[in-house]
>>> print(open('coords-v4.csv').read())   # CSV, C-alpha atoms
chain,number,residue,atom,x,y,z
A,1,MET,CA,191.3,175.8,45.3
A,2,LYS,CA,188.4,174.7,47.4
A,3,ASP,CA,185.4,177.1,47.7
A,4,ILE,CA,182.4,177.3,50.0
A,5,PHE,CA,180.0,176.7,47.2
A,6,ASP,CA,181.7,173.7,45.7
A,7,ARG,CA,179.4,170.8,44.9
A,8,CYS,CA,180.9,168.0,46.9
A,9,LYS,CA,180.3,164.5,48.3
A,10,PHE,CA,179.5,163.9,51.9
A,11,ALA,CA,179.7,160.2,52.4
A,12,ASN,CA,176.7,158.8,50.4
A,13,LEU,CA,175.2,162.3,49.9
A,14,LYS,CA,175.8,165.1,47.4
A,15,LEU,CA,175.9,168.6,48.7
A,16,ASN,CA,175.4,172.0,47.0
A,17,SER,CA,178.0,173.7,49.3
A,18,ARG,CA,180.3,173.0,52.2
A,19,ILE,CA,178.0,174.9,54.7
A,20,ILE,CA,176.0,172.8,57.1
A,21,ARG,CA,173.2,174.5,58.9
A,22,THR,CA,172.8,173.2,62.5
A,23,GLY,CA,169.6,173.9,64.4
A,24,LEU,CA,168.9,174.3,68.1
A,25,TRP,CA,165.5,175.5,69.3
A,26,GLU,CA,162.1,175.3,67.7
A,27,SER,CA,160.2,178.0,69.5
A,28,GLN,CA,157.7,178.7,66.7
A,29,ARG,CA,155.9,175.3,67.0
A,30,GLU,CA,152.4,175.2,68.3
A,31,ALA,CA,151.8,174.1,71.9
A,32,SER,CA,150.4,170.8,70.6
A,33,GLY,CA,153.8,170.2,68.8
A,34,ASN,CA,152.5,170.9,65.3
A,35,LEU,CA,154.7,172.7,62.8
A,36,THR,CA,153.6,176.3,61.9
A,37,PRO,CA,153.8,178.1,58.6
A,38,GLU,CA,156.8,180.1,60.0
A,39,ILE,CA,158.8,176.9,60.4
A,40,TYR,CA,158.1,175.7,56.9
A,41,ASN,CA,159.0,179.1,55.5
A,42,ARG,CA,162.3,179.2,57.5
A,43,TYR,CA,163.3,175.8,56.2
A,44,GLU,CA,162.4,176.7,52.6
A,45,ASN,CA,164.5,179.9,52.9
A,46,ILE,CA,167.5,178.0,54.2
A,47,ALA,CA,167.2,175.2,51.6
A,48,ALA,CA,166.9,177.8,48.8
A,49,SER,CA,169.9,179.8,50.0
A,50,GLY,CA,172.7,177.5,48.8
A,51,VAL,CA,173.2,175.5,52.0
A,52,GLY,CA,174.8,172.1,51.6
A,53,LEU,CA,173.0,170.2,54.4
A,54,ILE,CA,170.4,171.1,56.9
A,55,ILE,CA,170.5,169.6,60.4
A,56,SER,CA,167.1,170.2,62.1
A,57,GLU,CA,166.4,172.0,65.3
A,58,LEU,CA,166.6,169.6,68.2
A,59,TYR,CA,164.0,166.9,68.5
A,60,SER,CA,163.8,166.2,72.2
A,61,LEU,CA,163.5,162.5,72.9
A,62,TYR,CA,161.4,162.9,76.1
A,63,PRO,CA,158.5,165.3,76.7
A,64,ARG,CA,159.6,165.9,80.3
A,65,ASP,CA,163.2,166.8,79.4
A,66,THR,CA,164.5,170.2,80.6
A,67,PHE,CA,164.7,171.4,76.9
A,68,SER,CA,161.5,169.8,75.7
A,69,LYS,CA,159.4,173.0,76.0
A,70,TYR,CA,161.9,174.8,73.7
A,71,SER,CA,162.3,172.0,71.2
A,72,ASN,CA,160.3,170.1,68.7
A,73,THR,CA,158.9,166.6,69.6
A,74,ILE,CA,158.1,163.4,67.8
A,75,HIS,CA,155.3,162.7,70.3
A,76,TYR,CA,152.2,163.9,68.5
A,77,THR,CA,150.0,162.0,66.1
A,78,GLN,CA,150.6,164.1,63.0
A,79,PHE,CA,154.4,164.1,63.4
A,80,VAL,CA,155.3,161.8,60.5
A,81,ARG,CA,152.9,163.5,58.0
A,82,GLU,CA,154.0,167.1,58.9
A,83,ALA,CA,157.7,166.1,59.0
A,84,LYS,CA,157.3,164.5,55.5
A,85,ASP,CA,155.9,167.7,54.2
A,86,LEU,CA,158.9,169.5,55.6
A,87,THR,CA,161.5,167.1,54.2
A,88,ASP,CA,159.7,167.1,50.8
A,89,LEU,CA,159.9,170.9,50.8
A,90,VAL,CA,163.7,170.8,51.5
A,91,HIS,CA,164.3,168.1,48.9
A,92,VAL,CA,162.8,170.3,46.2
A,93,TYR,CA,166.1,172.3,46.4
A,94,ASP,CA,168.2,169.1,46.3
A,95,VAL,CA,169.3,169.6,49.9
A,96,PRO,CA,169.5,166.7,52.3
A,97,ILE,CA,168.2,167.1,55.8
A,98,PHE,CA,169.0,165.3,59.1
A,99,ALA,CA,166.9,165.1,62.2
A,100,GLN,CA,168.9,166.1,65.4
A,101,LEU,CA,167.9,164.0,68.4
A,102,GLY,CA,168.9,164.2,72.0
A,103,PHE,CA,167.8,164.7,75.6
A,104,VAL,CA,169.5,166.2,78.7
A,105,GLN,CA,167.7,164.5,81.6
A,106,PHE,CA,166.6,161.0,82.2
A,107,ASN,CA,163.5,161.0,84.4
A,108,LYS,CA,161.7,157.9,85.8
A,109,LYS,CA,158.5,158.3,87.7
A,110,THR,CA,159.5,160.3,90.8
A,111,GLU,CA,163.2,160.0,90.1
A,112,GLN,CA,164.3,163.1,88.3
A,113,ASN,CA,167.5,163.9,86.4
A,114,MET,CA,169.0,160.5,87.2
A,115,ARG,CA,172.8,160.1,87.4
A,116,VAL,CA,174.6,157.9,84.9
A,117,GLU,CA,175.5,155.4,87.6
A,118,ASP,CA,171.9,155.1,88.8
A,119,ILE,CA,170.5,154.1,85.4
A,120,SER,CA,169.6,150.4,85.4
A,121,ILE,CA,170.1,147.9,82.5
A,122,ASP,CA,166.3,148.1,81.9
A,123,ASP,CA,166.6,151.9,81.7
A,124,ILE,CA,169.4,151.5,79.2
A,125,ARG,CA,167.2,149.2,77.1
A,126,LYS,CA,164.4,151.8,77.3
A,127,ILE,CA,166.6,154.6,76.1
A,128,GLN,CA,167.9,152.4,73.2
A,129,THR,CA,164.4,151.4,72.2
A,130,ASP,CA,163.2,155.0,72.3
A,131,TYR,CA,166.1,156.1,70.0
A,132,ILE,CA,165.4,153.3,67.6
A,133,ILE,CA,161.7,154.1,67.4
A,134,ALA,CA,162.5,157.7,66.8
A,135,ALA,CA,164.9,156.8,64.1
A,136,GLN,CA,162.2,154.7,62.3
A,137,LYS,CA,159.8,157.7,62.5
A,138,PHE,CA,162.5,159.9,60.9
A,139,ASP,CA,163.1,157.4,58.2
A,140,TYR,CA,159.3,157.2,57.5
A,141,ALA,CA,159.2,161.0,57.4
A,142,GLY,CA,161.8,161.2,54.7
A,143,PHE,CA,164.8,162.5,56.6
A,144,ASP,CA,168.1,161.6,55.0
A,145,GLY,CA,169.9,161.1,58.3
A,146,ILE,CA,169.8,161.4,62.0
A,147,GLN,CA,172.2,163.3,64.2
A,148,ILE,CA,172.7,161.6,67.6
A,149,ALA,CA,173.7,164.3,70.2
A,150,LEU,CA,176.8,163.0,71.9
A,151,GLY,CA,178.1,166.4,72.6
A,152,ASN,CA,177.5,169.6,74.6
A,153,TYR,CA,175.9,168.5,77.9
A,154,TYR,CA,173.2,166.1,76.6
A,155,PHE,CA,172.7,162.9,78.5
A,156,LEU,CA,174.7,160.6,76.2
A,157,SER,CA,177.6,163.0,76.3
A,158,ARG,CA,177.7,162.5,80.0
A,159,PHE,CA,177.2,158.7,79.7
A,160,ILE,CA,180.4,158.4,77.5
A,161,ASN,CA,182.4,160.8,79.7
A,162,PRO,CA,184.6,159.2,82.5
A,163,ASN,CA,184.0,162.3,84.6
A,164,PHE,CA,180.3,161.4,84.9
A,165,ASN,CA,180.3,157.6,84.2
A,166,THR,CA,181.6,155.7,87.2
A,167,ARG,CA,179.7,152.5,86.5
A,168,GLU,CA,181.3,149.2,87.2
A,169,ASP,CA,179.4,147.0,84.8
A,170,ASN,CA,179.7,146.5,81.0
A,171,TYR,CA,178.5,150.1,80.4
A,172,GLY,CA,181.3,151.8,82.5
A,173,GLY,CA,185.0,151.8,82.8
A,174,ASN,CA,187.0,151.8,79.5
A,175,THR,CA,186.1,153.8,76.4
A,176,PHE,CA,184.4,151.0,74.6
A,177,ASN,CA,182.2,150.1,77.6
A,178,ARG,CA,181.1,153.7,78.1
A,179,LEU,CA,180.3,153.9,74.4
A,180,ARG,CA,178.6,150.5,74.3
A,181,MET,CA,175.0,151.8,74.7
A,182,VAL,CA,175.5,154.2,71.7
A,183,LEU,CA,177.2,151.5,69.5
A,184,GLU,CA,174.3,149.2,70.1
A,185,ILE,CA,171.8,151.9,69.1
A,186,ILE,CA,173.8,152.6,65.9
A,187,LYS,CA,173.9,148.9,64.9
A,188,VAL,CA,170.1,148.6,65.1
A,189,ILE,CA,169.5,151.8,63.3
A,190,LYS,CA,171.9,150.7,60.6
A,191,ASP,CA,170.2,147.4,60.2
A,192,ASN,CA,166.7,148.7,60.1
A,193,THR,CA,166.7,152.1,58.3
A,194,LYS,CA,168.3,153.8,55.4
A,195,LEU,CA,169.4,156.8,57.5
A,196,HIS,CA,172.8,158.4,57.3
A,197,ILE,CA,174.1,158.5,60.9
A,198,ASN,CA,175.9,161.5,62.2
A,199,CYS,CA,177.2,161.9,65.7
A,200,ARG,CA,177.9,165.3,67.3
A,201,LEU,CA,180.9,165.0,69.6
A,202,ASN,CA,182.7,167.2,72.1
A,203,ALA,CA,186.3,167.5,71.1
A,204,PHE,CA,187.2,167.9,74.8
A,205,ASP,CA,185.7,169.2,77.9
A,206,GLY,CA,188.5,170.5,80.1
A,207,ALA,CA,187.4,168.6,83.2
A,208,ASN,CA,190.1,166.9,85.3
A,209,TYR,CA,188.7,163.4,84.7
A,210,GLY,CA,186.7,164.2,81.5
A,211,MET,CA,187.1,163.7,77.8
A,212,SER,CA,190.5,164.5,76.4
A,213,LEU,CA,191.1,165.0,72.7
A,214,ASP,CA,193.0,161.7,72.6
A,215,GLU,CA,190.0,159.8,74.0
A,216,THR,CA,187.6,161.6,71.6
A,217,ILE,CA,189.7,160.3,68.8
A,218,GLU,CA,189.3,156.8,70.1
A,219,VAL,CA,185.6,157.4,70.4
A,220,ALA,CA,185.5,158.7,66.8
A,221,LYS,CA,187.3,155.5,65.6
A,222,LEU,CA,184.9,153.3,67.3
A,223,LEU,CA,181.9,155.2,66.0
A,224,GLU,CA,183.2,154.8,62.5
A,225,LYS,CA,183.9,151.1,63.0
A,226,TYR,CA,180.3,150.5,64.1
A,227,GLY,CA,178.7,152.3,61.2
A,228,VAL,CA,178.6,156.1,61.8
A,229,ASP,CA,178.7,157.9,58.5
A,230,SER,CA,179.9,161.3,59.6
A,231,LEU,CA,180.9,163.4,62.7
A,232,GLN,CA,180.4,166.9,63.9
A,233,VAL,CA,182.9,168.4,66.3
A,234,THR,CA,181.7,170.7,69.1
A,235,ARG,CA,182.5,171.5,72.7
A,236,PRO,CA,180.3,171.6,75.8
A,237,ARG,CA,179.3,175.2,75.8
A,238,SER,CA,180.0,176.2,72.2
A,239,PRO,CA,177.2,178.8,71.7
A,240,GLN,CA,178.5,180.9,74.6
A,241,PHE,CA,182.1,180.2,73.6
A,242,PHE,CA,182.0,181.8,70.2
A,243,THR,CA,181.9,185.6,70.3
A,244,ARG,CA,183.2,188.3,68.1
A,245,GLU,CA,186.4,188.5,70.1
A,246,ASN,CA,187.5,184.9,69.8
A,247,HIS,CA,186.5,183.8,66.3
A,248,ASP,CA,190.2,183.7,65.4
A,249,LYS,CA,191.1,181.6,68.4
A,250,ASN,CA,188.9,178.5,67.7
A,251,PRO,CA,190.6,175.5,69.3
A,252,LEU,CA,188.1,173.2,67.5
A,253,ILE,CA,190.1,173.8,64.3
A,254,ASP,CA,193.2,171.9,65.6
A,255,ALA,CA,191.0,169.3,67.2
A,256,SER,CA,189.0,168.7,64.1
A,257,GLU,CA,192.1,168.3,62.0
A,258,LYS,CA,193.5,165.6,64.4
A,259,ILE,CA,190.2,163.8,64.3
A,260,ILE,CA,190.1,164.0,60.5
A,261,LYS,CA,193.5,162.4,60.3
A,262,ASN,CA,192.3,159.4,62.3
A,263,VAL,CA,189.0,158.6,60.6
A,264,ASN,CA,187.7,158.0,57.0
A,265,VAL,CA,184.3,159.7,57.4
A,266,PRO,CA,183.4,163.3,56.8
A,267,VAL,CA,184.0,165.6,59.8
A,268,ILE,CA,182.2,168.9,60.3
A,269,LEU,CA,183.8,171.8,62.1
A,270,GLY,CA,181.2,173.1,64.5
A,271,GLY,CA,180.8,176.8,64.6
A,272,GLY,CA,183.2,179.8,64.9
A,273,ALA,CA,183.1,181.2,61.4
A,274,ASN,CA,181.6,184.6,60.5
A,275,SER,CA,182.7,185.5,57.0
A,276,GLN,CA,183.0,184.0,53.5
A,277,ASN,CA,186.7,184.9,53.2
A,278,GLN,CA,187.5,183.4,56.6
A,279,ILE,CA,185.8,180.1,55.7
A,280,ASN,CA,187.5,179.9,52.3
A,281,LYS,CA,190.9,180.6,53.9
A,282,LEU,CA,190.2,177.9,56.5
A,283,ILE,CA,189.2,175.2,54.1
A,284,ASN,CA,192.2,175.9,51.9
A,285,SER,CA,194.8,176.0,54.7
A,286,THR,CA,193.5,172.9,56.6
A,287,ASN,CA,192.1,169.5,55.8
A,288,ILE,CA,188.6,170.7,57.0
A,289,ASP,CA,186.0,170.5,54.3
A,290,PHE,CA,182.7,171.3,56.0
A,291,ILE,CA,181.7,174.1,58.4
A,292,SER,CA,178.5,174.2,60.4
A,293,MET,CA,176.7,177.4,61.3
A,294,GLN,CA,173.7,178.0,63.5
A,295,ARG,CA,173.2,181.5,64.7
A,296,PRO,CA,173.8,183.2,61.3
A,297,PHE,CA,170.8,181.3,60.0
A,298,VAL,CA,168.7,182.6,62.9
A,299,ALA,CA,169.8,186.1,62.1
A,300,ASP,CA,169.0,185.7,58.4
A,301,PRO,CA,167.9,182.3,57.0
A,302,SER,CA,168.8,183.4,53.4
A,303,PHE,CA,172.3,185.0,54.0
A,304,LEU,CA,174.0,182.6,51.7
A,305,VAL,CA,172.2,184.1,48.7
A,306,ASP,CA,174.0,187.4,49.2
A,307,TRP,CA,177.3,185.5,49.8
A,308,GLN,CA,177.0,183.8,46.4
A,309,ILE,CA,176.3,187.2,44.7
A,310,GLU,CA,178.8,189.4,46.6
A,311,GLY,CA,181.7,186.9,47.0
A,312,ASN,CA,182.9,188.4,50.3
A,313,GLY,CA,179.9,188.1,52.6
A,314,VAL,CA,179.9,188.6,56.4
A,315,VAL,CA,177.2,187.2,58.7
A,316,ASN,CA,174.6,189.5,60.1
A,317,CYS,CA,174.7,187.7,63.5
A,318,LYS,CA,176.1,189.9,66.3
A,319,THR,CA,176.9,186.9,68.5
A,320,CYS,CA,174.8,188.4,71.3
A,321,ASN,CA,173.6,184.9,72.2
A,322,ASN,CA,170.1,186.1,73.0
A,323,CYS,CA,168.6,183.4,70.7
A,324,TYR,CA,170.4,180.8,72.9
A,325,TRP,CA,169.7,182.3,76.3
A,326,LYS,CA,166.0,183.0,75.5
A,327,LYS,CA,165.6,179.6,73.8
A,328,THR,CA,164.1,181.0,70.6
A,329,SER,CA,164.6,180.3,66.9
A,330,THR,CA,164.3,184.0,66.1
A,331,CYS,CA,166.8,186.8,66.1
A,332,HIS,CA,166.3,189.5,68.8
A,333,ILE,CA,168.3,192.1,66.8
A,334,ASN,CA,167.4,191.5,63.2
A,335,LYS,CA,163.6,191.4,63.2
A,336,SER,CA,163.0,192.1,59.5
A,337,PRO,CA,161.0,189.5,57.7
A,338,SER,CA,162.8,187.0,55.5
A,339,LEU,CA,162.2,186.6,51.8
A,340,ASN,CA,160.3,183.5,50.9
A,341,PHE,CA,161.8,181.7,47.8
A,342,LYS,CA,159.2,179.9,45.8
>>> encode(input="coords-v4.csv", output="structure tokens")
Amino acid sequence: MKDIFDRCKFANLKLNSRIIRTGLWESQREASGNLTPEIYNRYENIAASGVGLIISELYSLYPRDTFSKYSNTIHYTQFVREAKDLTDLVHVYDVPIFAQLGFVQFNKKTEQNMRVEDISIDDIRKIQTDYIIAAQKFDYAGFDGIQIALGNYYFLSRFINPNFNTREDNYGGNTFNRLRMVLEIIKVIKDNTKLHINCRLNAFDGANYGMSLDETIEVAKLLEKYGVDSLQVTRPRSPQFFTRENHDKNPLIDASEKIIKNVNVPVILGGGANSQNQINKLINSTNIDFISMQRPFVADPSFLVDWQIEGNGVVNCKTCNNCYWKKTSTCHINKSPSLNFK
């Protein structure tokens, strides 16, 4: 029987459990970008709780991006030093940590929120260069891996999606061409860093000419072939999708199982779980081995401690989605201070 708190392998990494913490907003950072004591405390509480892997809050690639004011940034002089302090703190608990990287809008001088078809080859090279420079910074800062945001409505998810990408050059058309920019990024990161590469993918999007599950499977195969070490399955609007009413109707379960059958890298089911018994039942009735959680860690960064003691834990999160809508890394219902494990 599999259990949430099994020690297990995740590609080249060893995890203390099957629970993956996924971040989103970093609202507690200073205006200059610097990390605050609250951020360090939150990460330490999560690392000490029994989590298997931490995926950071979003690092926004561009300071003028629509989400940049709610997200952390790599564009300040003390980034590597402060991030190294953070990764060292997490590693004390033998927990690996990935840096989540993405952007929503591509802006160039007076051209704002440019469409995929309007991006020039020089623009593509700039985006690729910026990703590679960011990856090198993450590597220097001690992160174990990078999560490239190819899901939700981030720019690269639109670039690989036929509903948005109508280009007629080598970066448009068939699945490989639409993924070409990402595959080129992955190759350079692989050749120049030690980072584990994880890609966060939409399983499907429901648009008439968008990504179907079959095409996502083809994307997953190509990502694996070009060096991706693991995948996380999500959907465009997952934070709003998961509520108390539809936890048992998660279509990502079937999608994740189909993707798992077609690749040989670890696949993380993104979201939708709210109790220890539910997760244990899921991992023992499917071929899913890893579950990601975001909002439960916002409600209580240390909830897994209670789960290990009680054995039948339920998350404190009420799925009100205020942390998502208000773009904060704090809970608006459970405001009690967290314990700090030292």
>>> residues_near_point(input="coords-v4.csv", point="(173.0, 190.8, 62.9)", cutoff="8 Å", atoms="only C-alpha atoms", output="list of chain:residue names")
A:Pro296, A:Ala299, A:Asp300, A:Val315, A:Asn316, A:Cys317, A:Lys318, A:Thr319, A:Ile333, A:Asn334
>>> closest_atom_pairs(input="coords-v4.csv", of="segment 119-176 of chain A", to="segment 88-110 of chain A", cutoff="7 Å", atoms="all atoms listed in the file", output="tab-separated table")
residue	atom	partner	partner_atom	distance
A:Phe138	CA	A:Ala99	CA	6.9
A:Phe143	CA	A:Phe98	CA	5.6
A:Asp144	CA	A:Ile97	CA	5.6
A:Gly145	CA	A:Phe98	CA	4.4
A:Ile146	CA	A:Ala99	CA	4.7
A:Gln147	CA	A:Gln100	CA	4.5
A:Ile148	CA	A:Leu101	CA	5.4
A:Ala149	CA	A:Gly102	CA	5.1
A:Tyr153	CA	A:Val104	CA	6.8
A:Tyr154	CA	A:Val104	CA	4.3
A:Phe155	CA	A:Val104	CA	4.6
>>> write_last_selection(input="coords-v4.csv", atoms="C-alpha atoms", output="compact mmCIF listing (two decimals), in the coordinates of the input")
# COMPACT_ATOMS: atom_id res chain seq x y z
CA PHE A 138 162.50 159.90 60.90
CA PHE A 143 164.80 162.50 56.60
CA ASP A 144 168.10 161.60 55.00
CA GLY A 145 169.90 161.10 58.30
CA ILE A 146 169.80 161.40 62.00
CA GLN A 147 172.20 163.30 64.20
CA ILE A 148 172.70 161.60 67.60
CA ALA A 149 173.70 164.30 70.20
CA TYR A 153 175.90 168.50 77.90
CA TYR A 154 173.20 166.10 76.60
CA PHE A 155 172.70 162.90 78.50
>>> closest_residue(input="coords-v4.csv", among="A:Leu223, A:Ile133, A:Leu150, A:Ile121", to="Tyr171 of chain A", atoms="only C-alpha atoms")
A:Ile121
>>> closest_residue(input="coords-v4.csv", among="A:Leu183, A:Ile253, A:Ile309, A:Ile74", to="Ile197 of chain A", atoms="only C-alpha atoms")
A:Leu183
>>> residues_around(input="coords-v4.csv", residues="Asp3 of chain A", least_positions_apart="5", cutoff="8 Å", atoms="only C-alpha atoms", output="list in words")
Arg18, Asn280 and Ile283 of chain A
>>> atom_distance(input="coords-v4.csv", atom1="atom CA of Lys194 of chain A", atom2="atom CA of Lys9 of chain A")
17.6 Å
>>> atom_distance(input="coords-v4.csv", atom1="atom CA of Asn165 of chain A", atom2="atom CA of Met181 of chain A")
12.3 Å
>>> closest_residue(input="coords-v4.csv", among="A:Met293, A:Asn16, A:Leu86, A:Leu61", to="Tyr40 of chain A", atoms="all atoms listed in the file")
A:Leu86
>>> closest_residue(input="coords-v4.csv", among="A:Thr87, A:Ser285, A:Ser329, A:Ser275", to="Ser71 of chain A", atoms="all atoms listed in the file")
A:Ser329
>>> atom_distance(input="coords-v4.csv", atom1="atom CA of Thr328 of chain A", atom2="atom CA of Phe159 of chain A")
27.4 Å
>>> residues_around(input="coords-v4.csv", residues="Ile189 of chain A", least_positions_apart="6", cutoff="8 Å", atoms="all atoms listed in the file", output="count of residues only")
4
>>> residues_near_point(input="coords-v4.csv", point="(184.7, 160.6, 67.7)", cutoff="8 Å", atoms="only C-alpha atoms", output="ChimeraX atom specification")
/A:199,201,203,216-224,231,259
>>> write_last_selection(input="coords-v4.csv", atoms="C-alpha atoms", output="CSV table (one decimal), in the coordinates of the input")
chain,number,residue,atom,x,y,z
A,199,CYS,CA,177.2,161.9,65.7
A,201,LEU,CA,180.9,165.0,69.6
A,203,ALA,CA,186.3,167.5,71.1
A,216,THR,CA,187.6,161.6,71.6
A,217,ILE,CA,189.7,160.3,68.8
A,218,GLU,CA,189.3,156.8,70.1
A,219,VAL,CA,185.6,157.4,70.4
A,220,ALA,CA,185.5,158.7,66.8
A,221,LYS,CA,187.3,155.5,65.6
A,222,LEU,CA,184.9,153.3,67.3
A,223,LEU,CA,181.9,155.2,66.0
A,224,GLU,CA,183.2,154.8,62.5
A,231,LEU,CA,180.9,163.4,62.7
A,259,ILE,CA,190.2,163.8,64.3
